[in-house]
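Engineer: The following block contains the structure, expressed as structure tokens.
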Amino acid sequence: MSPSICTSSSRSRLSPPLRLFLATIGVLVLLGVETAPATALVEDVLFTARSDGQGYVIRVRTADTIKAYGMPRSAGEHTIEWVLYNTALHDNYRKGSAKGPVNRYSTTTRNGHLILRFELDPERSVDPKVYRDGASNDLLLNLAYRDGSVPVADAQQESSSGVVQQASTPSQPPNGASEAARERWKLDTVVIDPGHGGKDPGATANGLYEKDIVLDVAHKLGTYVENRLGVNVVYTRTDDRFIPLEERGHMANEAGAKLFISIHANASRARSAYGSSTYFLGPSKTDAAEKVMERENSVIKYEENTERYENYDEQALVRQTLTQSAYMRQSEQLASSIQTQFDERVHRKDRGVHQAGFYVLWSASMPSVLVELGFMTNPKEARYLNSDQGQTYLASAIFRAVRSYKKQYEKGIFAGE
């Protein structure tokens with residue numbers, strides 16, 4: 001028997017439901033979407049305020065990559081629908097609360113595909129855009145406010161340092177999550193990054209190299225964290241070797257770290273400058289923060305492949321800040337705690353908490369900070385930084401901040417039990 005051929009006349013004899021079904025299959029084939037069992041499982045749907053206050057980011061957290069998805073489309077007045085193909089909910093998924101411009105949301109599974117439906121605040125007009133998180137398998141739905149204004153309920157406040165305060169802490173499992181899910185979120189690994197190394201000496205002054213001082217402090221800090229907290233510590237370097245900035249963050253991702261701490265020492269043309277400061281990722285708000293960032297980022301001149309940083313511009317920084325929005329508040333909390341310990345325990349001059357676009361923080365997909373211990377260019381401070389006592393005090397102060405952070409972080413994880 002010769003195979004049947006579907007001609008225009010034969011198609012006309014098909015029932016409307018069957019024609020619709022075949023048309024749907026054809027569209028899916030054209031889009032490269034397979035009608036196969038779900039291969040990606042959604043673990044969380046998280047809502048986080050953008051760091052610039054101009055919208056919200058919805059993070060769909062998955063263990064595996066969602067290979068195909070549709071663009072958000074209108075599904076009625078003040079409602080958008082988003083289809084994730086060959087995707088389902090993980091057994092440990094627990095629905096959290098909607099926030100920002102989303103009043104409520106729902107998830108349904110249809111023909112092996114996951115459909116997310118968001119009912120929006122009728123008083124808010126948003127522009128939805130989807131993009132992938134370059135540091136994980138997550139998908140991000142950016143809901144930018146079209147009018148550029150910030151609603152009163154979502155308004156963020158700035159601290160005296162000019163740092164934006166985040167409205168939520170979504171990088172923890174929701175109440176009701178399983179024991180296995182909570183175990184995955186425990187603060188069990190910290191990556192400590194001694195800045196510079198090898199052919200990159202860092203700041204050099206008063207006969208000292210930054211790369212040597214920060215390595216000693218990093219080892220002391222790591223010993224405290226391992227011995228007193230029972231937390232696994234991974235170093236980006238344990239000896240005098242050069243590691244590209246971008247790869248340091250990737251090392252933290254591969255280690256499954258819950259914290260990334262990059263340790264540095266500062267420099268200034270003013271030999272009298274002294275004190276400590278701590279940074280987390282974001283656009284610079286002061287000239288001083290901009291100068292520190294430029295000095296630290298300039299070490300890419302030692303790298304063989306500097307082309308990777310060509311797209312690290314201001315717009316990319318805004319996008320990256322959105323990508324890491326789930327971790328921004330925690331990064332600031334750790335940075336503030338470190339500065340408090342420097343001030344109260346070590347009596348260091350507090351030069352504040354700031355944001356800046358440090359390349360070393362771009363690729364770290366977890367709460368991360370960069371610490372400037374003090375000024376190599378100040379003779380008195382240089383002696384302190386090079387002394388065993390000074391390094392012990394500084395490492396102890398950072399450890400105390402990590403210990404406090406861990407306590408609060410895990411208190412939030414297990415609060416729902």
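FYI, nothing fancy with the structure tokens labels: chains A, B, ... in order, residues from 1 per chain, ligands from 1 as they appear.
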Go through stretch 181-231 of chain A and collect every residue that DSSP, computed from the backbone, puts in strand (DSSP E); the answer should be as a PyMOL selection string.

Structural biologist: chain A and resi 189-194+204-205+208-209

Engineer: Using only C-alpha atoms, which protein or nucleic acid residues come within 12 Å of A:Glu294? Drop anything in the same chain fewer than 2 positions from it, and give the result as a PDB file with N, CA and C atoms, in the first residue's frame.

Structural biologist:
```pdb
ATOM      1  N   ASN A 266      44.552  47.782  50.017  1.00  0.00           N
ATOM      2  CA  ASN A 266      44.337  48.992  49.235  1.00  0.00           C
ATOM      3  C   ASN A 266      45.632  49.763  48.995  1.00  0.00           C
ATOM      4  N   ALA A 267      45.540  50.788  48.172  1.00  0.00           N
ATOM      5  CA  ALA A 267      46.673  51.675  47.899  1.00  0.00           C
ATOM      6  C   ALA A 267      46.138  53.059  47.570  1.00  0.00           C
ATOM      7  N   SER A 284      29.067  51.712  40.821  1.00  0.00           N
ATOM      8  CA  SER A 284      29.761  52.562  41.788  1.00  0.00           C
ATOM      9  C   SER A 284      28.942  53.812  42.075  1.00  0.00           C
ATOM     10  N   ASP A 287      33.271  58.308  43.756  1.00  0.00           N
ATOM     11  CA  ASP A 287      34.513  58.325  42.980  1.00  0.00           C
ATOM     12  C   ASP A 287      35.558  57.410  43.609  1.00  0.00           C
ATOM     13  N   ALA A 288      35.581  57.363  44.940  1.00  0.00           N
ATOM     14  CA  ALA A 288      36.561  56.521  45.629  1.00  0.00           C
ATOM     15  C   ALA A 288      36.342  55.052  45.293  1.00  0.00           C
ATOM     16  N   ALA A 289      35.076  54.612  45.302  1.00  0.00           N
ATOM     17  CA  ALA A 289      34.775  53.219  44.959  1.00  0.00           C
ATOM     18  C   ALA A 289      35.151  52.931  43.515  1.00  0.00           C
ATOM     19  N   GLU A 290      34.915  53.890  42.638  1.00  0.00           N
ATOM     20  CA  GLU A 290      35.260  53.733  41.227  1.00  0.00           C
ATOM     21  C   GLU A 290      36.767  53.552  41.046  1.00  0.00           C
ATOM     22  N   LYS A 291      37.564  54.316  41.790  1.00  0.00           N
ATOM     23  CA  LYS A 291      39.018  54.224  41.672  1.00  0.00           C
ATOM     24  C   LYS A 291      39.535  52.881  42.177  1.00  0.00           C
ATOM     25  N   VAL A 292      38.976  52.413  43.292  1.00  0.00           N
ATOM     26  CA  VAL A 292      39.386  51.104  43.817  1.00  0.00           C
ATOM     27  C   VAL A 292      39.051  50.016  42.807  1.00  0.00           C
ATOM     28  N   GLU A 296      41.708  47.436  40.872  1.00  0.00           N
ATOM     29  CA  GLU A 296      41.617  45.981  40.989  1.00  0.00           C
ATOM     30  C   GLU A 296      41.340  45.328  39.633  1.00  0.00           C
ATOM     31  N   ASN A 297      40.506  45.957  38.814  1.00  0.00           N
ATOM     32  CA  ASN A 297      40.175  45.374  37.511  1.00  0.00           C
ATOM     33  C   ASN A 297      41.315  45.484  36.510  1.00  0.00           C
ATOM     34  N   SER A 298      42.243  46.411  36.756  1.00  0.00           N
ATOM     35  CA  SER A 298      43.334  46.627  35.802  1.00  0.00           C
ATOM     36  C   SER A 298      44.273  45.437  35.693  1.00  0.00           C
ATOM     37  N   VAL A 299      44.188  44.494  36.633  1.00  0.00           N
ATOM     38  CA  VAL A 299      45.109  43.353  36.609  1.00  0.00           C
ATOM     39  C   VAL A 299      44.794  42.391  35.471  1.00  0.00           C
ATOM     40  N   ILE A 300      43.725  42.631  34.718  1.00  0.00           N
ATOM     41  CA  ILE A 300      43.465  41.764  33.565  1.00  0.00           C
ATOM     42  C   ILE A 300      44.568  41.912  32.520  1.00  0.00           C
ATOM     43  N   ALA A 356      30.552  48.281  43.679  1.00  0.00           N
ATOM     44  CA  ALA A 356      31.396  48.568  42.524  1.00  0.00           C
ATOM     45  C   ALA A 356      31.416  47.336  41.621  1.00  0.00           C
ATOM     46  N   GLY A 357      31.770  47.559  40.364  1.00  0.00           N
ATOM     47  CA  GLY A 357      31.742  46.476  39.380  1.00  0.00           C
ATOM     48  C   GLY A 357      33.036  45.702  39.288  1.00  0.00           C
ATOM     49  N   PHE A 358      33.443  45.080  40.377  1.00  0.00           N
ATOM     50  CA  PHE A 358      34.666  44.274  40.381  1.00  0.00           C
ATOM     51  C   PHE A 358      34.474  43.033  39.513  1.00  0.00           C
ATOM     52  N   TYR A 359      35.382  42.825  38.567  1.00  0.00           N
ATOM     53  CA  TYR A 359      35.271  41.669  37.677  1.00  0.00           C
ATOM     54  C   TYR A 359      35.265  40.355  38.449  1.00  0.00           C
TER      55      TYR A 359
END
```

Engineer: Could you pull out the alpha helix (DSSP H) residues of stretch 139-357 of chain A from DSSP and send them as number ranges by chain?

Structural biologist: A: 179-185, 210-229, 245-254, 287-297, 314-323, 325-344

Engineer: What does the file look like for those residues with C-alpha atoms, as a PDB file, in the first residue's frame?

Structural biologist:
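Ended up saving to part30.pdb:
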```pdb
ATOM      1  CA  GLU A 179      14.759  18.180  54.755  1.00  0.00           C
ATOM      2  CA  ALA A 180      16.793  17.288  51.665  1.00  0.00           C
ATOM      3  CA  ALA A 181      16.153  20.733  50.189  1.00  0.00           C
ATOM      4  CA  ARG A 182      17.167  22.430  53.427  1.00  0.00           C
ATOM      5  CA  GLU A 183      20.362  20.401  53.583  1.00  0.00           C
ATOM      6  CA  ARG A 184      21.286  21.649  50.113  1.00  0.00           C
ATOM      7  CA  TRP A 185      20.901  25.226  51.334  1.00  0.00           C
ATOM      8  CA  GLU A 210      49.750  42.719  48.441  1.00  0.00           C
ATOM      9  CA  LYS A 211      49.633  39.164  47.089  1.00  0.00           C
ATOM     10  CA  ASP A 212      51.692  37.874  50.039  1.00  0.00           C
ATOM     11  CA  ILE A 213      49.757  39.650  52.782  1.00  0.00           C
ATOM     12  CA  VAL A 214      46.309  38.628  51.543  1.00  0.00           C
ATOM     13  CA  LEU A 215      47.404  35.001  51.161  1.00  0.00           C
ATOM     14  CA  ASP A 216      48.482  34.893  54.813  1.00  0.00           C
ATOM     15  CA  VAL A 217      45.207  36.457  55.992  1.00  0.00           C
ATOM     16  CA  ALA A 218      43.205  34.081  53.784  1.00  0.00           C
ATOM     17  CA  HIS A 219      44.897  31.029  55.316  1.00  0.00           C
ATOM     18  CA  LYS A 220      44.216  32.276  58.846  1.00  0.00           C
ATOM     19  CA  LEU A 221      40.583  33.002  57.998  1.00  0.00           C
ATOM     20  CA  GLY A 222      40.138  29.602  56.371  1.00  0.00           C
ATOM     21  CA  THR A 223      41.579  27.829  59.400  1.00  0.00           C
ATOM     22  CA  TYR A 224      39.134  29.609  61.718  1.00  0.00           C
ATOM     23  CA  VAL A 225      36.151  28.806  59.491  1.00  0.00           C
ATOM     24  CA  GLU A 226      37.072  25.135  59.134  1.00  0.00           C
ATOM     25  CA  ASN A 227      38.020  24.481  62.755  1.00  0.00           C
ATOM     26  CA  ARG A 228      35.367  26.549  64.526  1.00  0.00           C
ATOM     27  CA  LEU A 229      32.387  26.303  62.181  1.00  0.00           C
ATOM     28  CA  LEU A 245      39.668  37.156  37.660  1.00  0.00           C
ATOM     29  CA  GLU A 246      36.714  35.525  35.918  1.00  0.00           C
ATOM     30  CA  GLU A 247      37.909  32.011  36.742  1.00  0.00           C
ATOM     31  CA  ARG A 248      37.930  32.741  40.476  1.00  0.00           C
ATOM     32  CA  GLY A 249      34.159  33.165  40.532  1.00  0.00           C
ATOM     33  CA  HIS A 250      33.724  30.065  38.382  1.00  0.00           C
ATOM     34  CA  MET A 251      35.750  28.102  40.946  1.00  0.00           C
ATOM     35  CA  ALA A 252      33.261  29.155  43.619  1.00  0.00           C
ATOM     36  CA  ASN A 253      30.327  28.048  41.462  1.00  0.00           C
ATOM     37  CA  GLU A 254      31.906  24.663  40.793  1.00  0.00           C
ATOM     38  CA  ASP A 287      34.513  58.325  42.980  1.00  0.00           C
ATOM     39  CA  ALA A 288      36.561  56.521  45.629  1.00  0.00           C
ATOM     40  CA  ALA A 289      34.775  53.219  44.959  1.00  0.00           C
ATOM     41  CA  GLU A 290      35.260  53.733  41.227  1.00  0.00           C
ATOM     42  CA  LYS A 291      39.018  54.224  41.672  1.00  0.00           C
ATOM     43  CA  VAL A 292      39.386  51.104  43.817  1.00  0.00           C
ATOM     44  CA  MET A 293      37.449  49.102  41.230  1.00  0.00           C
ATOM     45  CA  GLU A 294      39.569  50.408  38.355  1.00  0.00           C
ATOM     46  CA  ARG A 295      42.778  49.500  40.165  1.00  0.00           C
ATOM     47  CA  GLU A 296      41.617  45.981  40.989  1.00  0.00           C
ATOM     48  CA  ASN A 297      40.175  45.374  37.511  1.00  0.00           C
ATOM     49  CA  GLU A 314      27.936  49.604  32.407  1.00  0.00           C
ATOM     50  CA  GLN A 315      24.873  48.068  30.755  1.00  0.00           C
ATOM     51  CA  ALA A 316      26.230  44.568  31.302  1.00  0.00           C
ATOM     52  CA  LEU A 317      26.823  45.435  34.957  1.00  0.00           C
ATOM     53  CA  VAL A 318      23.171  46.422  35.344  1.00  0.00           C
ATOM     54  CA  ARG A 319      22.111  43.113  33.783  1.00  0.00           C
ATOM     55  CA  GLN A 320      24.518  41.183  35.980  1.00  0.00           C
ATOM     56  CA  THR A 321      23.241  42.984  39.057  1.00  0.00           C
ATOM     57  CA  LEU A 322      19.747  41.860  38.073  1.00  0.00           C
ATOM     58  CA  THR A 323      21.009  38.313  37.631  1.00  0.00           C
ATOM     59  CA  SER A 325      19.592  40.274  42.679  1.00  0.00           C
ATOM     60  CA  ALA A 326      18.644  37.263  44.812  1.00  0.00           C
ATOM     61  CA  TYR A 327      21.984  37.562  46.607  1.00  0.00           C
ATOM     62  CA  MET A 328      22.430  41.325  46.883  1.00  0.00           C
ATOM     63  CA  ARG A 329      20.881  41.812  50.293  1.00  0.00           C
ATOM     64  CA  GLN A 330      22.882  38.942  51.764  1.00  0.00           C
ATOM     65  CA  SER A 331      26.084  40.289  50.220  1.00  0.00           C
ATOM     66  CA  GLU A 332      25.427  43.659  51.824  1.00  0.00           C
ATOM     67  CA  GLN A 333      24.590  42.047  55.166  1.00  0.00           C
ATOM     68  CA  LEU A 334      27.903  40.196  55.198  1.00  0.00           C
ATOM     69  CA  ALA A 335      29.798  43.316  54.090  1.00  0.00           C
ATOM     70  CA  SER A 336      28.183  45.386  56.847  1.00  0.00           C
ATOM     71  CA  SER A 337      28.957  42.733  59.445  1.00  0.00           C
ATOM     72  CA  ILE A 338      32.611  42.644  58.365  1.00  0.00           C
ATOM     73  CA  GLN A 339      32.882  46.419  58.709  1.00  0.00           C
ATOM     74  CA  THR A 340      31.232  46.278  62.146  1.00  0.00           C
ATOM     75  CA  GLN A 341      33.759  43.695  63.307  1.00  0.00           C
ATOM     76  CA  PHE A 342      36.669  45.723  61.921  1.00  0.00           C
ATOM     77  CA  ASP A 343      35.400  48.764  63.812  1.00  0.00           C
ATOM     78  CA  GLU A 344      34.356  47.217  67.134  1.00  0.00           C
TER      79      GLU A 344
END
```

Engineer: I'd like the neighbourhood of A:Leu259 as a PyMOL selection string, where a residue qualifies if any of its atoms comes within 9 Å (using only C-alpha atoms), though same-chain residues fewer than 2 positions away should be ignored.

Structural biologist: chain A and resi 187+189-192+252+257+261+331+364+366-369+402

Engineer: Restrict the selected residues to N, CA and C atoms and save them as an mmCIF file, in the first residue's frame.

Structural biologist:
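Output contents, as saved in selection.cif:
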```cif
data_model
loop_
_atom_site.group_PDB
_atom_site.id
_atom_site.type_symbol
_atom_site.label_atom_id
_atom_site.label_comp_id
_atom_site.auth_asym_id
_atom_site.auth_seq_id
_atom_site.Cartn_x
_atom_site.Cartn_y
_atom_site.Cartn_z
ATOM 1 N N LEU A 187 24.826 26.393 54.905
ATOM 2 C CA LEU A 187 26.089 27.054 54.590
ATOM 3 C C LEU A 187 27.216 26.078 54.905
ATOM 4 N N THR A 189 29.900 25.384 52.523
ATOM 5 C CA THR A 189 31.137 25.642 51.780
ATOM 6 C C THR A 189 31.342 27.141 51.597
ATOM 7 N N VAL A 190 32.544 27.589 51.887
ATOM 8 C CA VAL A 190 32.936 28.987 51.681
ATOM 9 C C VAL A 190 34.175 29.008 50.800
ATOM 10 N N VAL A 191 34.175 29.845 49.786
ATOM 11 C CA VAL A 191 35.366 30.021 48.950
ATOM 12 C C VAL A 191 36.055 31.316 49.352
ATOM 13 N N ILE A 192 37.333 31.197 49.681
ATOM 14 C CA ILE A 192 38.149 32.355 50.060
ATOM 15 C C ILE A 192 39.135 32.623 48.933
ATOM 16 N N ALA A 252 34.240 29.146 42.526
ATOM 17 C CA ALA A 252 33.261 29.155 43.619
ATOM 18 C C ALA A 252 31.971 28.463 43.195
ATOM 19 N N ALA A 257 29.743 26.783 46.485
ATOM 20 C CA ALA A 257 29.936 27.656 47.647
ATOM 21 C C ALA A 257 28.674 28.441 47.970
ATOM 22 N N ILE A 261 34.440 35.160 49.343
ATOM 23 C CA ILE A 261 35.103 36.286 50.009
ATOM 24 C C ILE A 261 36.449 36.525 49.338
ATOM 25 N N SER A 331 24.728 39.772 50.415
ATOM 26 C CA SER A 331 26.084 40.289 50.220
ATOM 27 C C SER A 331 26.296 41.547 51.051
ATOM 28 N N ALA A 364 30.546 35.036 40.255
ATOM 29 C CA ALA A 364 30.238 34.262 41.464
ATOM 30 C C ALA A 364 28.732 34.252 41.696
ATOM 31 N N MET A 366 26.590 33.498 44.044
ATOM 32 C CA MET A 366 26.248 33.360 45.463
ATOM 33 C C MET A 366 26.555 34.697 46.136
ATOM 34 N N PRO A 367 26.129 34.917 47.377
ATOM 35 C CA PRO A 367 26.523 36.148 48.072
ATOM 36 C C PRO A 367 28.045 36.283 48.073
ATOM 37 N N SER A 368 28.546 37.439 47.694
ATOM 38 C CA SER A 368 29.994 37.606 47.561
ATOM 39 C C SER A 368 30.411 39.030 47.897
ATOM 40 N N VAL A 369 31.598 39.140 48.489
ATOM 41 C CA VAL A 369 32.129 40.442 48.894
ATOM 42 C C VAL A 369 33.610 40.520 48.563
ATOM 43 N N VAL A 402 31.480 36.123 59.405
ATOM 44 C CA VAL A 402 30.984 34.912 58.738
ATOM 45 C C VAL A 402 30.168 34.070 59.714
#
```

Engineer: So which one's closest to A:Val102, A:His90, A:His264, A:His78, A:Arg237? Using only C-alpha atoms, please.

Structural biologist: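 Selected residue with least distance to A:Val102: A:His78.
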
Engineer: Which polymer residues have any atom within 7 Å of an atom of A:Ala265, counting only C-alpha atoms, with same-chain residues fewer than 5 positions away left out, as a ChimeraX atom specification?

Structural biologist: /A:210,372-376

Engineer: List the neighbours of A:Arg345 out to 9 Å using only C-alpha atoms; skip same-chain residues closer than 6 positions along the sequence, and give me the result as a ChimeraX atom specification.

Structural biologist: /A:393,396-397

Engineer: Write out as a list of chain:residue names which residues come within 6 Å of A:Tyr69 when counting only C-alpha atoms, dropping same-chain ones fewer than 4 positions away.

Structural biologist: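 What passes the distance filter is A:Val83, A:Leu84, A:Tyr85.
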
Engineer: Report as a list in words all protein, DNA and RNA residues lying within 6 Å of stretch 91-101 of chain A, evaluated on only C-alpha atoms, omitting residues in the same chain fewer than 3 positions from it.

Structural biologist: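 Result of the neighbour search: Glu43, Phe47, Arg104, Leu120 and Asp121 of chain A.
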